[in-house]
Amino acid sequence: MLKRVIAISAALVMGALAFAQSVADGGASPEKAGSVSATWEWKSIPKSKIGTDEFNFKKPIALDAVAGSKGAKFQLEKGSVKFKKESYTALYHGTKSSSTLDSLITKPGDRKAEYSITIDDAADITFTLAGNGSAGKERCAVLVKLGADGNPEKILGIDGLSQDSTAPITYKNAPKGTYYLYGNGFRIIKVEAKN
C-alpha cells in the first residue's frame, strides 16, 4: 500500500513539473554570434502609449528596447496593462482568479495580456517575471509558438508567481522567429534576447 501511495505521489509531482518549467532548449545555433543583443528594462516609467492607468489595448504596441539593442522586437499584442514603479519599474497586469497554465493556452479570455518577441537569429530569450500579489496558481505565464494550424504550442510555463521574488524563464537556443508570452496576474521586469 505504501509503495502504491509513493508511486502515485511521485507521478503527481512529475506531472506538475512536466508542465511548469522555467527553462527549455530549442537546440538552434545562430548564423552569426552577436547578431541578437536586445534588452527591455525600465529605470523609470517611459513615454509610451502604455501609461500608469491600466488600459485594455486591442492593437499591438512596440516597446522601446535599451539603447544599442539589436536583432529583436518585443511588443504588447493585446491586453490590459500599465507601467508601475515600486522598487523597480515593470509592466503590471491584473488577475483573473480562473486562470491556470492550461487555460492560458486553451482559453484566450483567461489571458490578461499577450506579448510577442521576434528574434532575427537564434538566441536565448529570458523574461524576468514576478507575481502581482501573493503566490498563487492564477499568477502565471506561458511562452508559446504558433503551430501550422495557428494554435499555440507550449514551450515553457511558470505559475505560483509572487510579488516578493523574481522568477526568470528562459528559452535557450530559440530558433529565429516569433514567440508569444501569455500571462495573468504577473509583472514583466525585464526581457532579454542574446546570442
# chains A, B, ... in the order shown; residues from 1 in each chain; ligands from 1
call {"tool": "closest_atom_pairs", "arguments": {"of": "stretch 69-165 of chain A", "to": "stretch 42-45 of chain A", "cutoff": "7 Å", "atoms": "only C-alpha atoms", "output": "JSON lines"}}
result
{"residue": "A:Phe83", "atom": "CA", "partner": "A:Ile45", "partner_atom": "CA", "distance": 6.4}
{"residue": "A:Lys85", "atom": "CA", "partner": "A:Ser44", "partner_atom": "CA", "distance": 6.9}
{"residue": "A:Thr89", "atom": "CA", "partner": "A:Trp42", "partner_atom": "CA", "distance": 5.6}
{"residue": "A:Ala90", "atom": "CA", "partner": "A:Trp42", "partner_atom": "CA", "distance": 6.9}
call {"tool": "residues_around", "arguments": {"residues": "stretch 158-173 of chain A", "least_positions_apart": "2", "cutoff": "6 Å", "atoms": "only C-alpha atoms", "output": "list in words"}}
result
Ala20, Gln21, Ser22, Val23, Ala24, Asp25, Gly26, Gly27, Ala28, Ala122, Ala123, Asp124, Ile125, Thr126, Phe127, Thr128, Leu129, Ala130, Gly131, Asn132, Gly133, Ser134, Ala135, Gly136, Lys137, Arg139, Cys140 and Ala141 of chain A
call {"tool": "select_by_dssp", "arguments": {"residues": "stretch 12-153 of chain A", "states": "strand (DSSP E or B)", "output": "ChimeraX atom specification"}}
result
/A:21,23-25,37-42,55-57,61-62,70,72-85,89-92,113-119,123-131,140-146,152-153
call {"tool": "closest_atom_pairs", "arguments": {"of": "stretch 61-174 of chain A", "to": "stretch 179-183 of chain A", "cutoff": "7 Å", "atoms": "only C-alpha atoms", "output": "Markdown table"}}
result
| residue | atom | partner | partner_atom | distance |
| --- | --- | --- | --- | --- |
| A:Leu104 | CA | A:Tyr182 | CA | 6.4 |
| A:Arg111 | CA | A:Gly183 | CA | 5.5 |
| A:Lys112 | CA | A:Gly183 | CA | 6.0 |
| A:Ala113 | CA | A:Gly183 | CA | 5.7 |
| A:Glu114 | CA | A:Tyr182 | CA | 4.7 |
| A:Tyr115 | CA | A:Leu181 | CA | 5.0 |
| A:Ser116 | CA | A:Tyr180 | CA | 4.4 |
| A:Ile117 | CA | A:Tyr179 | CA | 5.4 |
| A:Thr118 | CA | A:Tyr179 | CA | 6.4 |
| A:Cys140 | CA | A:Gly183 | CA | 5.7 |
| A:Ala141 | CA | A:Gly183 | CA | 4.1 |
| A:Val142 | CA | A:Tyr182 | CA | 5.4 |
| A:Leu143 | CA | A:Leu181 | CA | 4.5 |
| A:Val144 | CA | A:Tyr180 | CA | 5.2 |
| A:Lys145 | CA | A:Tyr179 | CA | 4.9 |
call {"tool": "write_last_selection", "arguments": {"atoms": "C-alpha atoms", "output": "PDB file, in the first residue's frame"}}
result
ATOM      1  CA  LEU A 104      -3.772  30.493 -20.759  1.00  0.00           C
ATOM      2  CA  ARG A 111      -5.116  35.971 -20.580  1.00  0.00           C
ATOM      3  CA  LYS A 112      -4.712  39.465 -19.145  1.00  0.00           C
ATOM      4  CA  ALA A 113      -2.069  40.182 -21.790  1.00  0.00           C
ATOM      5  CA  GLU A 114      -0.375  38.726 -24.843  1.00  0.00           C
ATOM      6  CA  TYR A 115       3.135  39.754 -25.902  1.00  0.00           C
ATOM      7  CA  SER A 116       5.330  38.768 -28.820  1.00  0.00           C
ATOM      8  CA  ILE A 117       9.085  38.669 -29.155  1.00  0.00           C
ATOM      9  CA  THR A 118      10.673  38.280 -32.575  1.00  0.00           C
ATOM     10  CA  CYS A 140       1.156  32.519 -14.236  1.00  0.00           C
ATOM     11  CA  ALA A 141       2.810  32.969 -17.619  1.00  0.00           C
ATOM     12  CA  VAL A 142       3.430  30.657 -20.560  1.00  0.00           C
ATOM     13  CA  LEU A 143       5.686  31.034 -23.607  1.00  0.00           C
ATOM     14  CA  VAL A 144       4.286  29.553 -26.819  1.00  0.00           C
ATOM     15  CA  LYS A 145       4.884  29.359 -30.537  1.00  0.00           C
TER      16      LYS A 145
END
call {"tool": "closest_residue", "arguments": {"among": "A:Ala65, A:Pro30, A:Arg187, A:Ser103", "to": "A:Glu86", "atoms": "only C-alpha atoms"}}
result
A:Arg187
call {"tool": "closest_residue", "arguments": {"among": "A:Asp121, A:Glu41, A:Glu138, A:Asp149", "to": "A:Lys194", "atoms": "only C-alpha atoms"}}
result
A:Asp121
call {"tool": "residues_around", "arguments": {"residues": "A:Gly71", "least_positions_apart": "4", "cutoff": "9 Å", "atoms": "only C-alpha atoms", "output": "VMD selection string"}}
result
chain A and resid 34 to 38 118 to 121 193 to 194
call {"tool": "write_last_selection", "arguments": {"atoms": "N, CA, C and O atoms", "output": "PDB file, in the first residue's frame"}}
result
ATOM      1  N   GLY A  34      26.349  37.240 -31.778  1.00  0.00           N
ATOM      2  CA  GLY A  34      26.271  38.677 -31.520  1.00  0.00           C
ATOM      3  C   GLY A  34      25.258  39.409 -32.375  1.00  0.00           C
ATOM      4  O   GLY A  34      25.087  40.615 -32.249  1.00  0.00           O
ATOM      5  N   SER A  35      24.555  38.674 -33.241  1.00  0.00           N
ATOM      6  CA  SER A  35      23.568  39.330 -34.119  1.00  0.00           C
ATOM      7  C   SER A  35      22.306  39.738 -33.379  1.00  0.00           C
ATOM      8  O   SER A  35      21.569  40.614 -33.823  1.00  0.00           O
ATOM      9  N   VAL A  36      22.046  39.097 -32.237  1.00  0.00           N
ATOM     10  CA  VAL A  36      20.908  39.458 -31.394  1.00  0.00           C
ATOM     11  C   VAL A  36      21.440  39.852 -30.018  1.00  0.00           C
ATOM     12  O   VAL A  36      22.108  39.061 -29.358  1.00  0.00           O
ATOM     13  N   SER A  37      21.182  41.091 -29.642  1.00  0.00           N
ATOM     14  CA  SER A  37      21.586  41.583 -28.329  1.00  0.00           C
ATOM     15  C   SER A  37      20.617  42.700 -27.952  1.00  0.00           C
ATOM     16  O   SER A  37      20.841  43.865 -28.273  1.00  0.00           O
ATOM     17  N   ALA A  38      19.525  42.326 -27.305  1.00  0.00           N
ATOM     18  CA  ALA A  38      18.464  43.300 -27.014  1.00  0.00           C
ATOM     19  C   ALA A  38      17.967  43.119 -25.577  1.00  0.00           C
ATOM     20  O   ALA A  38      17.839  41.994 -25.096  1.00  0.00           O
ATOM     21  N   THR A 118      10.158  38.777 -31.303  1.00  0.00           N
ATOM     22  CA  THR A 118      10.673  38.280 -32.575  1.00  0.00           C
ATOM     23  C   THR A 118      12.179  38.421 -32.555  1.00  0.00           C
ATOM     24  O   THR A 118      12.710  39.503 -32.266  1.00  0.00           O
ATOM     25  N   ILE A 119      12.874  37.319 -32.839  1.00  0.00           N
ATOM     26  CA  ILE A 119      14.334  37.358 -32.903  1.00  0.00           C
ATOM     27  C   ILE A 119      14.757  37.085 -34.348  1.00  0.00           C
ATOM     28  O   ILE A 119      14.217  36.220 -35.011  1.00  0.00           O
ATOM     29  N   ASP A 120      15.741  37.853 -34.819  1.00  0.00           N
ATOM     30  CA  ASP A 120      16.196  37.770 -36.202  1.00  0.00           C
ATOM     31  C   ASP A 120      17.174  36.621 -36.447  1.00  0.00           C
ATOM     32  O   ASP A 120      17.504  36.318 -37.594  1.00  0.00           O
ATOM     33  N   ASP A 121      17.662  36.010 -35.374  1.00  0.00           N
ATOM     34  CA  ASP A 121      18.597  34.903 -35.457  1.00  0.00           C
ATOM     35  C   ASP A 121      18.390  34.070 -34.189  1.00  0.00           C
ATOM     36  O   ASP A 121      17.783  34.537 -33.222  1.00  0.00           O
ATOM     37  N   ALA A 193      17.147  39.176 -25.067  1.00  0.00           N
ATOM     38  CA  ALA A 193      17.371  38.246 -26.170  1.00  0.00           C
ATOM     39  C   ALA A 193      18.818  38.411 -26.596  1.00  0.00           C
ATOM     40  O   ALA A 193      19.227  39.508 -26.986  1.00  0.00           O
ATOM     41  N   LYS A 194      19.595  37.340 -26.481  1.00  0.00           N
ATOM     42  CA  LYS A 194      21.026  37.447 -26.779  1.00  0.00           C
ATOM     43  C   LYS A 194      21.556  36.139 -27.380  1.00  0.00           C
ATOM     44  O   LYS A 194      21.094  35.062 -27.019  1.00  0.00           O
TER      45      LYS A 194
END
call {"tool": "atom_distance", "arguments": {"atom1": "atom CA of A:Asn151", "atom2": "atom CA of A:Ser98"}}
result
21.0 Å
call {"tool": "closest_residue", "arguments": {"among": "A:Asp64, A:Pro175, A:Gly51, A:Pro108", "to": "A:Lys78", "atoms": "only C-alpha atoms"}}
result
A:Pro108
call {"tool": "closest_residue", "arguments": {"among": "A:Thr178, A:Ser69, A:Ser29, A:Gln75", "to": "A:Leu91", "atoms": "only C-alpha atoms"}}
result
A:Gln75
call {"tool": "atom_distance", "arguments": {"atom1": "atom CA of A:Ala62", "atom2": "atom CA of A:Lys47"}}
result
12.1 Å
call {"tool": "closest_residue", "arguments": {"among": "A:Ile105, A:Pro152, A:Val66, A:Lys32", "to": "A:Lys190", "atoms": "only C-alpha atoms"}}
result
A:Val66
call {"tool": "atom_distance", "arguments": {"atom1": "atom CA of A:Val191", "atom2": "atom CA of A:Ile50"}}
result
16.7 Å
call {"tool": "select_by_dssp", "arguments": {"residues": "chain A", "states": "helix (DSSP H, G or I)", "output": "NGL selection string"}}
result
:A and (2-19 or 101-106 or 108-110)
